[in-house]
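Raw contents of target-v5.csv, CSV, C-alpha atoms:
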```csv
chain,number,residue,atom,x,y,z
A,518,MET,CA,0.0,0.0,0.0
A,519,ALA,CA,1.5,3.3,-1.1
A,520,SER,CA,1.6,6.2,1.3
A,521,GLN,CA,2.4,9.9,0.7
A,522,SER,CA,4.4,11.9,3.2
A,523,PRO,CA,3.3,15.4,3.9
A,524,PRO,CA,5.6,18.2,2.4
A,525,PRO,CA,8.2,19.5,4.8
A,526,ALA,CA,7.0,22.5,6.9
A,527,GLU,CA,8.6,25.8,6.4
A,528,LEU,CA,10.9,26.9,9.2
A,529,SER,CA,9.0,30.1,9.7
A,530,THR,CA,5.8,28.1,10.2
A,531,VAL,CA,7.4,25.8,12.8
A,532,LEU,CA,9.0,28.7,14.7
A,533,GLY,CA,5.7,30.6,14.7
A,534,ALA,CA,4.1,27.7,16.5
A,535,SER,CA,6.8,26.7,18.9
A,536,LEU,CA,8.7,29.8,20.0
A,537,PRO,CA,5.9,31.7,21.9
A,538,ALA,CA,5.8,28.8,24.4
A,539,LEU,CA,9.5,29.5,25.1
A,540,GLY,CA,9.1,33.2,25.4
A,541,TYR,CA,10.7,34.0,22.1
A,542,SER,CA,9.4,34.9,18.6
A,543,ALA,CA,10.6,34.6,15.1
A,544,ARG,CA,10.5,37.8,13.1
A,545,PRO,CA,12.1,39.1,9.9
A,546,ALA,CA,15.7,40.3,10.4
A,547,PRO,CA,17.0,41.2,6.9
A,548,THR,CA,20.8,41.2,6.4
A,549,PRO,CA,22.8,42.5,3.4
A,550,LEU,CA,23.6,38.9,2.4
A,551,PHE,CA,20.2,37.4,3.2
A,552,PRO,CA,17.3,39.9,3.0
A,553,ALA,CA,14.8,37.1,4.0
A,554,SER,CA,16.6,36.0,7.2
A,555,LEU,CA,14.7,35.5,10.4
A,556,ARG,CA,15.6,36.7,14.0
A,557,LEU,CA,15.0,33.3,15.6
A,558,LEU,CA,16.1,34.2,19.1
A,559,GLN,CA,16.6,37.5,21.0
A,560,THR,CA,16.8,37.9,24.7
A,561,PRO,CA,13.3,39.1,25.7
A,562,THR,CA,13.1,41.9,28.2
A,563,SER,CA,10.7,39.7,30.3
A,564,PHE,CA,13.5,37.3,31.1
A,565,ALA,CA,15.0,39.9,33.5
A,566,PHE,CA,11.7,40.9,35.3
A,567,SER,CA,11.0,40.0,38.8
A,568,LYS,CA,8.3,37.5,39.7
A,569,ARG,CA,6.2,40.5,40.7
A,570,ASP,CA,6.1,41.7,37.1
A,571,SER,CA,6.4,38.3,35.4
A,572,PRO,CA,4.9,35.5,37.6
A,573,ASP,CA,6.5,32.9,35.2
A,574,ASN,CA,9.9,33.9,36.6
A,575,HIS,CA,9.1,32.9,40.2
A,576,CYS,CA,11.4,29.9,40.1
A,577,PHE,CA,14.4,32.0,39.3
A,578,CYS,CA,14.2,33.9,42.7
A,579,THR,CA,16.4,31.8,44.9
A,580,GLU,CA,17.1,34.3,47.7
A,581,LYS,CA,15.1,37.0,49.3
A,582,ILE,CA,17.7,39.4,50.8
A,583,ILE,CA,19.7,40.6,47.8
A,584,SER,CA,16.6,40.7,45.6
A,585,MET,CA,14.7,42.6,48.2
A,586,ASN,CA,12.1,39.8,48.4
A,587,CYS,CA,12.2,39.1,44.7
A,588,THR,CA,11.3,42.7,43.7
A,589,LEU,CA,14.6,43.5,42.0
A,590,TYR,CA,15.2,42.0,38.5
A,591,GLY,CA,17.9,41.6,35.9
A,592,VAL,CA,20.4,39.3,37.7
A,593,LEU,CA,20.4,35.6,38.3
A,594,ASP,CA,22.0,33.9,41.3
A,595,ILE,CA,24.2,31.0,40.2
A,596,GLY,CA,26.0,30.5,43.5
A,597,LYS,CA,24.6,27.0,43.9
A,598,CYS,CA,26.4,26.1,40.6
A,599,LYS,CA,29.7,27.6,41.9
A,600,GLU,CA,30.0,25.9,45.3
A,601,GLY,CA,28.2,28.6,47.1
A,602,LYS,CA,30.3,31.5,45.8
A,603,PRO,CA,28.4,34.8,45.5
A,604,VAL,CA,28.3,34.9,41.7
A,605,TYR,CA,25.5,36.5,39.7
A,606,ILE,CA,25.0,36.7,36.0
A,607,SER,CA,23.2,39.4,34.0
A,608,LEU,CA,23.2,41.1,30.6
A,609,PRO,CA,26.2,43.4,30.0
A,610,HIS,CA,26.1,46.7,31.8
A,611,PHE,CA,23.0,45.4,33.7
A,612,LEU,CA,20.8,45.8,30.6
A,613,HIS,CA,17.1,45.4,31.6
A,614,ALA,CA,18.0,45.3,35.3
A,615,SER,CA,16.5,47.2,38.2
A,616,PRO,CA,17.9,50.8,38.3
A,617,GLU,CA,18.8,50.2,42.0
A,618,ILE,CA,21.3,47.5,41.0
A,619,ALA,CA,23.4,49.8,38.8
A,620,ALA,CA,22.9,53.1,40.7
A,621,ASN,CA,26.2,53.0,42.5
A,622,ILE,CA,28.4,51.6,39.7
A,623,GLU,CA,30.2,54.1,37.5
A,624,GLY,CA,30.9,53.7,33.8
A,625,LEU,CA,27.8,51.6,32.9
A,626,ASN,CA,26.1,52.4,29.6
A,627,PRO,CA,23.5,49.7,28.7
A,628,ASN,CA,22.7,49.6,25.0
A,629,GLU,CA,20.2,47.2,23.5
A,630,GLU,CA,22.1,46.9,20.2
A,631,GLU,CA,25.5,46.2,21.7
A,632,HIS,CA,24.5,44.1,24.7
A,633,LYS,CA,21.6,41.9,23.5
A,634,THR,CA,21.8,38.2,22.7
A,635,TYR,CA,20.3,37.0,19.4
A,636,LEU,CA,20.4,34.3,16.7
A,637,ASP,CA,19.6,34.9,13.0
A,638,VAL,CA,18.8,32.0,10.6
A,639,GLU,CA,18.1,31.5,7.0
A,640,PRO,CA,14.3,30.6,6.9
A,641,ILE,CA,14.4,27.8,4.4
A,642,ALA,CA,17.3,25.6,5.6
A,643,GLY,CA,17.6,26.9,9.2
A,644,PHE,CA,21.3,27.8,8.5
A,645,THR,CA,22.8,30.2,11.1
A,646,LEU,CA,23.7,33.5,9.5
A,647,GLN,CA,24.8,35.5,12.5
A,648,PHE,CA,24.6,35.4,16.3
A,649,ALA,CA,25.7,37.1,19.4
A,650,LYS,CA,25.9,35.6,22.9
A,651,ARG,CA,26.6,38.2,25.6
A,652,LEU,CA,26.8,37.7,29.4
A,653,GLN,CA,28.1,39.6,32.4
A,654,ILE,CA,29.7,38.1,35.5
A,655,ASN,CA,29.1,39.9,38.8
A,656,ILE,CA,30.2,39.2,42.3
A,657,LEU,CA,28.3,40.1,45.5
A,658,VAL,CA,30.3,42.4,47.8
A,659,LYS,CA,29.0,42.7,51.4
A,660,PRO,CA,30.1,44.7,54.4
A,661,SER,CA,32.7,42.9,56.5
A,662,LYS,CA,34.4,43.7,59.8
A,663,LYS,CA,37.3,41.3,59.0
A,664,ILE,CA,38.3,43.0,55.7
A,665,GLU,CA,39.6,46.5,56.0
A,666,THR,CA,38.4,47.8,52.6
A,667,LEU,CA,34.9,46.5,53.3
A,668,LYS,CA,34.4,47.9,56.8
A,669,ASN,CA,32.8,51.1,55.7
A,670,LEU,CA,30.3,49.6,53.3
A,671,LYS,CA,26.7,50.3,54.3
A,672,LYS,CA,24.9,47.8,52.1
A,673,ASN,CA,25.5,45.0,49.6
A,674,TYR,CA,26.7,45.7,46.1
A,675,LEU,CA,26.7,43.7,42.9
A,676,VAL,CA,30.0,44.5,41.2
A,677,PRO,CA,30.7,43.6,37.6
A,678,ILE,CA,33.8,41.6,37.0
A,679,LEU,CA,33.7,41.1,33.3
A,680,TRP,CA,31.4,40.6,30.4
A,681,LEU,CA,31.6,38.1,27.5
A,682,ASN,CA,30.8,38.9,23.9
A,683,GLU,CA,30.8,35.9,21.6
A,684,THR,CA,29.6,36.9,18.1
A,685,GLY,CA,29.8,35.4,14.6
A,686,THR,CA,28.6,36.3,11.1
A,687,ILE,CA,28.7,34.3,7.9
A,688,GLY,CA,31.2,35.7,5.4
A,689,GLU,CA,30.4,36.9,1.9
A,690,GLU,CA,32.2,33.9,0.4
A,691,LYS,CA,30.4,31.3,2.5
A,692,ALA,CA,27.1,33.1,1.9
A,693,GLU,CA,27.6,33.0,-1.9
A,694,MET,CA,28.4,29.3,-1.7
A,695,PHE,CA,25.3,28.7,0.4
A,696,ARG,CA,23.1,30.6,-2.1
A,697,ASN,CA,24.5,28.6,-5.0
A,698,LYS,CA,24.3,25.2,-3.5
A,699,VAL,CA,21.2,25.4,-1.4
A,700,THR,CA,19.0,28.5,-1.8
A,701,GLY,CA,19.5,28.6,-5.6
A,702,LYS,CA,18.6,25.0,-6.1
A,703,ILE,CA,15.5,25.3,-3.8
A,704,ASN,CA,14.4,28.4,-5.8
A,705,LEU,CA,15.0,26.4,-9.0
A,706,LEU,CA,12.9,23.5,-7.7
A,707,GLY,CA,10.1,26.0,-7.0
A,708,LEU,CA,10.4,27.2,-10.6
A,709,VAL,CA,10.3,23.6,-11.9
A,710,GLU,CA,7.1,23.0,-9.8
A,711,MET,CA,5.4,26.0,-11.3
A,712,VAL,CA,6.4,25.0,-14.9
A,713,LEU,CA,5.1,21.4,-14.4
A,714,LEU,CA,1.9,22.7,-12.8
A,715,SER,CA,1.4,25.1,-15.8
A,716,VAL,CA,2.0,22.3,-18.3
A,717,GLY,CA,-0.4,20.1,-16.4
A,718,VAL,CA,-3.1,22.8,-16.5
A,719,VAL,CA,-2.5,23.3,-20.2
A,720,MET,CA,-2.7,19.6,-20.9
A,721,PHE,CA,-5.9,19.3,-18.9
A,722,VAL,CA,-7.5,22.2,-20.7
A,723,ALA,CA,-6.5,20.8,-24.1
A,724,PHE,CA,-7.9,17.4,-23.1
A,725,MET,CA,-11.2,18.9,-22.1
A,726,ILE,CA,-11.4,20.9,-25.3
A,727,SER,CA,-10.7,17.8,-27.4
A,728,TYR,CA,-13.2,15.8,-25.4
A,729,CYS,CA,-15.9,18.4,-25.9
A,730,ALA,CA,-15.1,18.6,-29.6
A,731,CYS,CA,-15.4,14.8,-30.0
A,732,ARG,CA,-18.7,14.7,-28.1
A,733,SER,CA,-20.1,17.5,-30.3
A,734,LYS,CA,-19.1,15.6,-33.5
A,735,LYS,CA,-20.9,12.4,-32.2
A,736,VAL,CA,-24.0,14.3,-31.4
A,737,LYS,CA,-24.2,15.7,-35.0
```

Encoded form (structure tokens):
Amino acid sequence: MASQSPPPAELSTVLGASLPALGYSARPAPTPLFPASLRLLQTPTSFAFSKRDSPDNHCFCTEKIISMNCTLYGVLDIGKCKEGKPVYISLPHFLHASPEIAANIEGLNPNEEEHKTYLDVEPIAGFTLQFAKRLQINILVKPSKKIETLKNLKKNYLVPILWLNETGTIGEEKAEMFRNKVTGKINLLGLVEMVLLSVGVVMFVAFMISYCACRSKKVK
């Protein structure tokens, strides 16, 4: 018994159905090399919100003191993954974080374009065109009577140590090769489908005309 497999779904259709459940969305993000590329992933601003503003984030609040009972947002405590060390991660320059966190730190200049994380893909094959993964490492500094430099501190501070910027973009040579070997052939296949469909329509119309002509001759 023969069976027919359904045609492969377009990447944009699959992403449109699956990404909202993850808190992301696929949207057009044209690039000079691929005008039809999609922005598959971009750090949503809601990821940094406190559970008060985004109830779905309640499981990320692991302590009550530093976060002021989970009202501050924009940093994530990863101390349990670092043997209890007071390490927190955030977006660079405390992008999308509570103003109170960065208020006493000089030199910060959060910028959406420079500090966001994203992933752009080619919508037909899902090939990665460009990406940026950015992350800031912070350490919690508390007042301490045993350490001379920390005696005069009045409260806790989250101090940035470094931030990571891992980016990549497909080169023009690779992009041209991809277009020739993949995109070009897919477009050619679409053209062949249209030609075959047109030929089929023409043959069907010709058959119906011939059939009607033969019927009219028999009637006479």

Spatial neighbours of segment 670-687 of chain A, 6 Å, only C-alpha atoms, chain gap at least 2 places, as a list in words:
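Here the answer would be Pro609, Leu646, Gln647, Phe648, Ala649, Lys650, Arg651, Leu652, Gln653, Ile654, Asn655, Ile656, Leu657, Val658, Lys659, Pro660, Leu667 and Lys668 of chain A.
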
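Picture a line from atom CA of Val592 of chain A to atom CA of Gly624 of chain A; it runs 18.2 Å.
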
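Atom CA of Glu630 of chain A to atom CA of Ala642 of chain A spans 26.3 Å [interatomic distance, one decimal].
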
Between atom CA of Leu589 of chain A and atom CA of Pro616 of chain A - distance in Å to one decimal
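So the answer is 8.8 Å.
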
Output as JSON lines one row per residue of segment 570-662 of chain A within 12 Å of segment 696-712 of chain A: the closest atom pair and its distance in Å to one decimal place, counting all atoms listed in the file, sorted by chain and residue number ascending.
```
{"residue": "A:Glu639", "atom": "CA", "partner": "A:Thr700", "partner_atom": "CA", "distance": 9.3}
{"residue": "A:Pro640", "atom": "CA", "partner": "A:Thr700", "partner_atom": "CA", "distance": 10.1}
{"residue": "A:Ile641", "atom": "CA", "partner": "A:Thr700", "partner_atom": "CA", "distance": 7.8}
{"residue": "A:Ala642", "atom": "CA", "partner": "A:Val699", "partner_atom": "CA", "distance": 8.0}
{"residue": "A:Gly643", "atom": "CA", "partner": "A:Thr700", "partner_atom": "CA", "distance": 11.2}
{"residue": "A:Phe644", "atom": "CA", "partner": "A:Val699", "partner_atom": "CA", "distance": 10.2}
{"residue": "A:Leu646", "atom": "CA", "partner": "A:Arg696", "partner_atom": "CA", "distance": 12.0}
```

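The closest residue to Asn626 of chain A, picked from A:Ile595, A:Leu612, A:Met585, A:Ala730 and counting all atoms listed in the file, is A:Leu612.
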
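Checking A:Val604, A:Met720, A:Ile664, A:Gly688 one by one against Thr645 of chain A, counting all atoms listed in the file, you find the shortest gap at A:Gly688.
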